[in-house]
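**Q** Pasting a structure here, questions to come.
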Amino acid sequence: MKKISGLRLRAGLTGLFFLTLFGGLAARVVHLQLGDHTELRLTYQRRVIHREDLKASRGSVRDRNGRLLALDESRKHVGVDPSFIHAHNNPQLVHAALSRFLHVEPAMIGARLQETNRRFAYLERFVEEYRAEELDAYLREHSLRNGVVLETINTRSYPHGNLLSHVVGFVNREDVGSAGVEQTMHRFLQSRGGIRVSEKDGRRREMASRRSLQIDPTDGADVTLTVDLFLQHGVEEALEKALKQYNAAGGWALVMDVKTGEILAMASRPDYDPNAFNRTPSEHMRNRNVTGSYEPGSIFKGLVFAAALNEGLVEPTEIIDCEYGVWIHRNRPLRDYHPYARLTAEEVLHKSSNIGTAKIALRMAPEMMHDYLRKFGFGQRTGIDLPGEESGIMHDPRNWDSLTHSRMSIGHAVNVTAVQMAAAMNAIANDGVLMRPYVVREVRSPSGDLLFKRHPEEAGPPVVRPEVAREMRRMLAGVTRPGGTGRRAAIEGFEIAGKTGTAQKVLPGGGYAEKLNVASFVGFLPAQNPVVTILVSIDEPQGELRTGGSVAAPVFKEIAEYAIGYYGIPPEGF
Amino acid sequence: MNTQAKEHRFAAVDAEEIRSLAAATVLVACVLFLVGLGILALISIGMGQANPFHYPLRQSVFVAAGCVAAVFTARMPAAWWKSLLPWIFIATVVLLIMARLVGRNINGAHRWLSLGPISFQPSELGKLTAVLWLSCWLSHHRRHTREFLRGFLYPFFGLAAICVLVLIGPDFGTTALIGGVGLILMFIAGTRFSYLLCTLVAGGLFLGVLALHDPIRLSRITSFLHPEKYQSNESYQLMNSLHAFMEGGGTGVGVGRSLQKFSYLPEAHTDFIMAIIAEETGALGSLVVLGLFMGFFVSGMTIGWRCTDPFDRLVAYGITLSITMQALMNIAVVTASMPTKGLPLPFISHGGSNLVFMLAMVGILLRIAGGSAVPKSAVPAKDSRHWL
């Protein structure tokens with residue numbers, strides 16, 4: 001064997017050593033590339049996978065003429081990266097710029113900017129687009145933009161604020177409709193968010209060429225209401241004025257189209273601004289037209305009268321003994337506001353005599369009267385497309401006590417909602433046919449396709465015969481004539497049918513309050529050929545005159561004048 | 001060339017030389033493959049970037065320059081190197097000091113000298129100088145390599161001088177590379193193993209203490225030990241590199257489809273190019289690269305083994321070890337098998353002075369491989385080692 005020199009031997013050993021290193025590295029590479037690396041895969045996914053929610057806009061809410069009531073608006077959250085600003089920007093100048101454009105305390109901005117160990121802090125949320133743009137332009141112009149974060153978000157906006165707030169409702173921070181139409185029509189209005197799964201590069205930018213999944217978002221559908229914003233404005237103004245004048249605790253009013261049951265206006269007090277729903281006491285959010293039930297008082301009498309008339313139990317001209325203001329019935333006195341000796345049945349309605357109405361009502365069997373009132377819609381929800389509707393309380397005749405029959409006929413011992421009351425009165429105006437009230441007219445997709453259209457709906461067979469309804473309209477027109485309780489609702493040149501009501505409020509512990517009442521007026525016009533029904537109730541008016549005739553009738557008159565303008569109703573004899 | 005000389009040449013080609021020439025052929029093939037692979041990788045990295053052909057075109061220019069340099073070095077006889085060695089050594093020292101004083105600062109290290117449009121890293125020259133110095137000394141004193149002074153201390157001084165100057169760069173990676181290759185070369189030449197072992201331990205401790213006093217080095221080491229805990233800079237890159245290897249799997253994500261090249265690995269075209277190759281071509285590609293480097297190593301070592309000239313064979317071993325060790329260190333770093341070092345992958349990484357020097361060193365290897373075929377008469381008779 002050839003002898004190997006020492007040098008070659010050492011070179012050979014070195015070679016072997018290096019070949020071992022090669023082998024080791026090859027093993028390492030193969031292990032890395034073909035092995036199982038659960039933890040490494042997790043960090044990889046955290047670093048590389050890009051997941052993004054794609055946002056879409058919620059549908060808009062508009063009045064019947066397309067005026068925007070609720071829409072999604074782009075806003076900006078303004079934040080800062082304090083540590084970055086201290087390292088790469090001028091904190092003093094940034095502070096000055098931010099203080100100039102943001103509506104927050106400069107001291108607060110300063111405090112946030114001082115937190116140099118933080119990488120992010122919000123300064124102001126939901127900044128209007130124009131203000132954010134001004135801030136952005138200013139910062140760029142002065143090269144102070146680095147470290148200031150503007151985050152675009154969609155937010156719900158209600159351009160008309162308090163106007164119609166109870167009907168429109170609002171959307172909570174989770175984008176769920178939480179009141180009004182926003183709640184009932186949420187399924188149509190809501191947008192369907194999309195998702196994008198992709199990869200991002202080392203600077204965390206999404207790479208369009210590496211998208212693995214994209215589901216496009218869908219905008220929500222647009223809802224059109226039956227409400228007319230101008231009429232609504234008139235109603236709210238009239239109501240507001242009365243509330244101020246009588247220093248009342250609250251009030252509600254609604255305007256309904258006679259033939260269709262469409263709600264043209266609906267107002268409730270106290271009210272709120274849906275843009276600031278989170279700073280509003282929940283009591284202010286109640287739409288008292290549908291969620292509040294109350295004893296209606298005398299406005300109820302017309303319906304009882306219509307029932308008796310339909311059964312032929314009363315003649316408009318027959319004389320009723322009104323007992324000089326006090327009638328002892330079943331050992332309890334029933335009193336009239338003004339004492340009368342004898343009145344015709346028609347006059348009982350005009351003067352709103354409790355005794356006369358009770359006597360007529362008692363001619364019907366309890367079951368019969370209850371049945372009629374039930375058919376007029378009391379004791380059950382009208383089915384209006386607004387959330388939280390109450391059904392009111394109307395007891396079954398089996399549970400009536402000795403006085404229920406007579407008291408219910410004059411609007412006590414029964415709880416109704418304003419929308420029930422207006423719908424029932426509307427049935428008289430509509431030849432005895434009860435229409436189901438509604439506020440949503442139609443829903444269209446973002447591309448304009450009709451998704452839903454509401455058609456007028458009769459709630460049941462006619463409650464009274466058309467000629468009875470006509471006779472009732474004639475008699476109710478007398479209420480607003482001289483000598484009637486509702487003469488303050490009269491408008492020159494127009495015949496207005498209606499009924500006043502002054503209901504003493506039930507105290508929480510039982511019994512009636514002496515001074516607290518609800519003053520109401522419900523009616524329609526023109527009396528003989530009605531097109532619009534209006535209800536007004538003022539809760540707890542203060543002062544000497546607190547009756548429906550003196551407090552609610554003038555509000556009714558004001559609203560009726562708006563309605564005349566809105567419908568273009570010609571005066572009598574035109 | 002006259003007929004007599006031709007005959008002389010053919011006669012001189014014996015079996016040994018044929019094997020040496022075969023080794024040279026394999027070596028050239030491996031180098032060409034690696035260089036070609038490098039340009040392909042740079043093209044692939046360029047895909048999807050703003051200026052896709054920036055790096056491949058520059059690299060091609062450097063390859064051309066490197067080939068010219070290789071042709072030049074392949075024609076330089078050993079005697080030429082020996083006679084120039086003092087000047088090369090002085091030039092190395094001066095350039096390293098200049099780099100420290102006026103060099104461009106990249107990542108906290110002054111490694112670069114700008115010569116107009118060309119940037120030049122004197123530490124590259126340091127690698128060659130160290131090999132030439134040790135080869136020259138140890139071959140001249142080959143009868144006395146077991147001695148302490150002539151076999152260890154004197155050659156070590158030269159090596160240590162270069163190492164210290166590279167270290168103040170600061171460039172730990174190249175220092176470790178030059179020192180490591182130098183010690184192995186001394187071992188092959190015959191220096192006592194005990195001396196080298198002591199030096200290795202002392203040098204390792206010295207570098208370790210320095211590293212502990214340098215926050216950047218320390219963070220590199222701690223992040224190497226626990227890459228998942230340090231989510232910034234060094235460990236960030238290291239994790240991305242590991243992700244690239246993992247994603248590559250067996251056959252890769254496809255050429256040009258690397259994700260990590262998009263700002264994840266800022267040095268995708270230089271130090272971390274291996275990670276991109278692994279990601280795009282999988283274990284298959286990684287093993288091909290390793291295999292080509294192994295081919296280079298084996299053929300380089302064969303050239304040294306076959307060489308009979310005492311100086312040349314040490315130079316051949318030295319150059320082969322130097323290039324191979326740099327490749328191994330680079331791959332070890334990108335696979336998180338050792339702490340991060342700023343070392344490019346030979347022949348593949350984009351980089352001017354590095355690539356030109358690598359190819360120039362290959363030229364020297366080729367000259368050595370064909371050296372015994374050169375008639376003795378072609379070697380200058382004058383002994384140029386008068387300065388030793």
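By order of appearance in the structure tokens: chains A, B, ..., then residues from 1 within every chain, and ligands from 1 in the order shown.
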Define the interface residues of chain A facing chain B as those within 7 Å, counting only C-alpha atoms, and report them as a list in words.

**A**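 Every residue meeting the condition is included here: Leu7, Arg8, Arg10, Ala11, Leu25, Ala26, Val29, Val30, Leu32, Gln33, Leu34, Leu40, Tyr44, Asp201, Gly202 and Arg203 of chain A.
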
**Q** Would you list the contacts of Gln183 of chain A as a count of residues only, taking every protein, DNA or RNA residue within 9 Å and counting only C-alpha atoms, but skipping same-chain residues closer than 2 positions in sequence?

**A** 15

**Q** Could you pull the residues within 10 Å of segment 440-451 of chain A, counting only C-alpha atoms, minus those fewer than 2 positions along the same chain, as a ChimeraX atom specification?

**A** /A:57-64,167,181,184-185,188-189,218-227,262-263,384-386,437-438,453-456

**Q** Using N, CA, C and O atoms, can you export the residues from the last selection as a short mmCIF file (atom, residue, chain, number, x, y, z; two decimals), in the first residue's frame?

**A**
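Okay, selection10.cif is ready:
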data_model
loop_
_atom_site.label_atom_id
_atom_site.label_comp_id
_atom_site.auth_asym_id
_atom_site.auth_seq_id
_atom_site.Cartn_x
_atom_site.Cartn_y
_atom_site.Cartn_z
N SER A 57 -72.67 49.49 2.89
CA SER A 57 -73.51 50.49 3.54
C SER A 57 -74.87 49.90 3.87
O SER A 57 -75.44 49.14 3.09
N ARG A 58 -75.39 50.31 5.01
CA ARG A 58 -76.75 49.99 5.36
C ARG A 58 -77.67 50.81 4.46
O ARG A 58 -77.30 51.89 4.01
N GLY A 59 -78.84 50.29 4.20
CA GLY A 59 -79.77 51.01 3.34
C GLY A 59 -80.23 52.32 3.95
O GLY A 59 -80.11 52.54 5.14
N SER A 60 -80.77 53.16 3.11
CA SER A 60 -81.23 54.46 3.60
C SER A 60 -82.72 54.39 3.93
O SER A 60 -83.43 53.49 3.50
N VAL A 61 -83.16 55.35 4.74
CA VAL A 61 -84.59 55.50 5.02
C VAL A 61 -85.00 56.87 4.47
O VAL A 61 -84.32 57.86 4.73
N ARG A 62 -86.07 56.89 3.68
CA ARG A 62 -86.52 58.14 3.07
C ARG A 62 -88.00 58.35 3.34
O ARG A 62 -88.72 57.39 3.60
N ASP A 63 -88.41 59.58 3.25
CA ASP A 63 -89.84 59.86 3.39
C ASP A 63 -90.51 59.54 2.04
O ASP A 63 -89.86 59.14 1.09
N ARG A 64 -91.85 59.74 1.98
CA ARG A 64 -92.56 59.29 0.78
C ARG A 64 -92.14 60.03 -0.47
O ARG A 64 -92.38 59.58 -1.59
N VAL A 167 -90.20 57.44 14.67
CA VAL A 167 -90.57 56.52 13.59
C VAL A 167 -89.32 55.94 12.93
O VAL A 167 -89.24 54.74 12.69
N VAL A 181 -88.36 52.21 12.54
CA VAL A 181 -88.27 51.45 11.30
C VAL A 181 -86.90 50.79 11.18
O VAL A 181 -86.75 49.71 10.59
N THR A 184 -87.67 47.49 12.79
CA THR A 184 -88.61 46.58 12.13
C THR A 184 -88.14 46.19 10.74
O THR A 184 -88.41 45.09 10.28
N MET A 185 -87.43 47.09 10.06
CA MET A 185 -86.99 46.79 8.71
C MET A 185 -85.51 46.40 8.66
O MET A 185 -84.88 46.44 7.59
N PHE A 188 -84.11 44.17 5.94
CA PHE A 188 -83.94 44.76 4.61
C PHE A 188 -82.78 45.75 4.60
O PHE A 188 -82.01 45.82 3.66
N LEU A 189 -82.71 46.54 5.65
CA LEU A 189 -81.75 47.64 5.68
C LEU A 189 -80.31 47.16 5.84
O LEU A 189 -79.38 47.77 5.32
N THR A 218 -72.64 43.24 0.25
CA THR A 218 -73.87 43.72 -0.38
C THR A 218 -74.43 44.86 0.44
O THR A 218 -74.58 44.73 1.65
N ASP A 219 -74.75 45.93 -0.25
CA ASP A 219 -75.37 47.06 0.44
C ASP A 219 -76.78 46.70 0.86
O ASP A 219 -77.41 45.84 0.24
N GLY A 220 -77.26 47.37 1.91
CA GLY A 220 -78.62 47.13 2.37
C GLY A 220 -79.64 47.77 1.44
O GLY A 220 -79.31 48.62 0.61
N ALA A 221 -80.89 47.36 1.58
CA ALA A 221 -81.95 47.90 0.73
C ALA A 221 -82.47 49.22 1.31
O ALA A 221 -82.33 49.48 2.50
N ASP A 222 -83.06 50.03 0.45
CA ASP A 222 -83.55 51.35 0.86
C ASP A 222 -85.05 51.27 1.17
O ASP A 222 -85.82 50.69 0.42
N VAL A 223 -85.41 51.90 2.29
CA VAL A 223 -86.79 51.86 2.75
C VAL A 223 -87.44 53.22 2.53
O VAL A 223 -86.85 54.26 2.85
N THR A 224 -88.63 53.21 1.94
CA THR A 224 -89.39 54.45 1.78
C THR A 224 -90.60 54.42 2.71
O THR A 224 -91.32 53.42 2.75
N LEU A 225 -90.78 55.49 3.44
CA LEU A 225 -91.87 55.55 4.40
C LEU A 225 -93.10 56.20 3.78
O LEU A 225 -93.03 56.82 2.72
N THR A 226 -94.22 56.07 4.48
CA THR A 226 -95.44 56.74 4.05
C THR A 226 -95.47 58.18 4.54
O THR A 226 -96.30 58.97 4.12
N VAL A 227 -94.55 58.48 5.43
CA VAL A 227 -94.55 59.80 6.08
C VAL A 227 -94.10 60.87 5.10
O VAL A 227 -93.22 60.66 4.28
N GLU A 262 -102.28 54.73 5.64
CA GLU A 262 -100.90 55.21 5.70
C GLU A 262 -100.74 56.25 6.78
O GLU A 262 -101.60 57.12 6.94
N ILE A 263 -99.64 56.15 7.52
CA ILE A 263 -99.33 57.18 8.50
C ILE A 263 -98.56 58.28 7.77
O ILE A 263 -97.47 58.03 7.23
N ILE A 384 -99.30 47.74 13.23
CA ILE A 384 -98.47 48.76 12.58
C ILE A 384 -97.02 48.31 12.59
O ILE A 384 -96.57 47.63 13.52
N ASP A 385 -96.30 48.65 11.53
CA ASP A 385 -94.93 48.16 11.39
C ASP A 385 -93.92 49.02 12.16
O ASP A 385 -92.97 49.55 11.61
N LEU A 386 -94.20 49.17 13.44
CA LEU A 386 -93.28 49.86 14.35
C LEU A 386 -93.10 48.97 15.56
O LEU A 386 -94.01 48.23 15.94
N PRO A 437 -103.04 50.50 9.97
CA PRO A 437 -102.07 51.59 9.77
C PRO A 437 -100.67 51.05 9.48
O PRO A 437 -100.30 49.99 9.96
N TYR A 438 -99.93 51.79 8.67
CA TYR A 438 -98.55 51.38 8.38
C TYR A 438 -97.68 52.58 8.03
O TYR A 438 -98.20 53.62 7.61
N LYS A 453 -93.59 45.86 -1.41
CA LYS A 453 -94.49 47.01 -1.56
C LYS A 453 -95.69 46.78 -0.67
O LYS A 453 -96.32 45.71 -0.70
N ARG A 454 -96.00 47.77 0.13
CA ARG A 454 -97.11 47.63 1.05
C ARG A 454 -98.39 48.07 0.36
O ARG A 454 -98.43 49.12 -0.29
N HIS A 455 -99.42 47.23 0.47
CA HIS A 455 -100.71 47.61 -0.07
C HIS A 455 -101.65 47.89 1.09
O HIS A 455 -101.57 47.23 2.12
N PRO A 456 -102.60 48.83 0.90
CA PRO A 456 -103.57 49.11 1.98
C PRO A 456 -104.31 47.82 2.34
O PRO A 456 -104.61 47.00 1.48
#

**Q** If you run DSSP over the backbone, which residues in segment 137-272 of chain A end up strand (DSSP E)? Put them as a PyMOL selection string.

**A** chain A and resi 148-157+194-200+206-207+213-215+222-225+250-257+263-269

**Q** For each of A:Asn275, A:Thr317, A:Asn146, A:Ser209, take the minimum atom-to-atom distance to Leu71 of chain A, counting only C-alpha atoms, then give the residue where this is smallest.

**A** A:Asn275

**Q** If we count only C-alpha atoms, what is near Glu514 of chain A at a cut-off of 9 Å, once residues fewer than 3 positions away on the same chain are taken out, given as a list in words?

**A**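 My reading of the contact set: Gln504, Lys505 and Asn517 of chain A.
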
**Q** When you count only C-alpha atoms, which of these residues is closest to Leu183 of chain B: B:Gly318, B:Pro215, B:Gly295, B:Pro344?

**A**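 Checking each candidate against Leu183 of chain B, we get B:Gly318 as the closest.
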
**Q** Between A:Asp321, A:Asp175, A:Asp53, A:Glu240, single out the one closest to Pro339 of chain A, counting only C-alpha atoms.

**A**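 Smallest separation from Pro339 of chain A among the options: A:Asp321.
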
**Q** Name the residues of segment 175-319 of chain B that come out as helix (DSSP H, G or I) in a backbone DSSP run; write them as an MDAnalysis selection string.

**A** chainID B and resid 175:189 193:212 215:225 233:248 273:306 310:319

**Q** What does the structure give for the distance between atom CA of Gly478 of chain A and atom CA of His412 of chain A, in Å to one decimal?

**A**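 Separating atom CA of Gly478 of chain A from atom CA of His412 of chain A is a distance of 23.3 Å.
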
**Q** Skipping near chain neighbours, those fewer than 2 positions away, what residues fall within 12 Å of Ser406 of chain A using only C-alpha atoms, listed as an NGL selection string?

**A** :A and (301 or 304 or 327-330 or 332-335 or 354-366 or 369-370 or 400-404 or 408-414)

**Q** What lies within 10 Å of Ser139 of chain B using only C-alpha atoms, ignoring chain neighbours under 2 positions off, as a ChimeraX atom specification?

**A** /B:133-137,141-145,189,309-315

**Q** Neighbours of Arg75 of chain B within 10 Å (only C-alpha atoms; same-chain residues fewer than 4 positions away dropped), as a PyMOL selection string?

**A** chain B and resi 70-71+80+363-364+366-368+371

**Q** Identify which of the residues A:Asn247, A:Ser352, A:Asn287, A:Asn430 lies closest to Val551 of chain A, counting only C-alpha atoms when measuring atom-to-atom distances.

**A** A:Asn247

**Q** From the options A:Leu231, A:Ala422, A:Ala308, A:Ile538, which residue's atoms come nearest to Leu434 of chain A, counting only C-alpha atoms?

**A**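 Comparing A:Leu231, A:Ala422, A:Ala308, A:Ile538 against Leu434 of chain A, the winner is A:Ala422.
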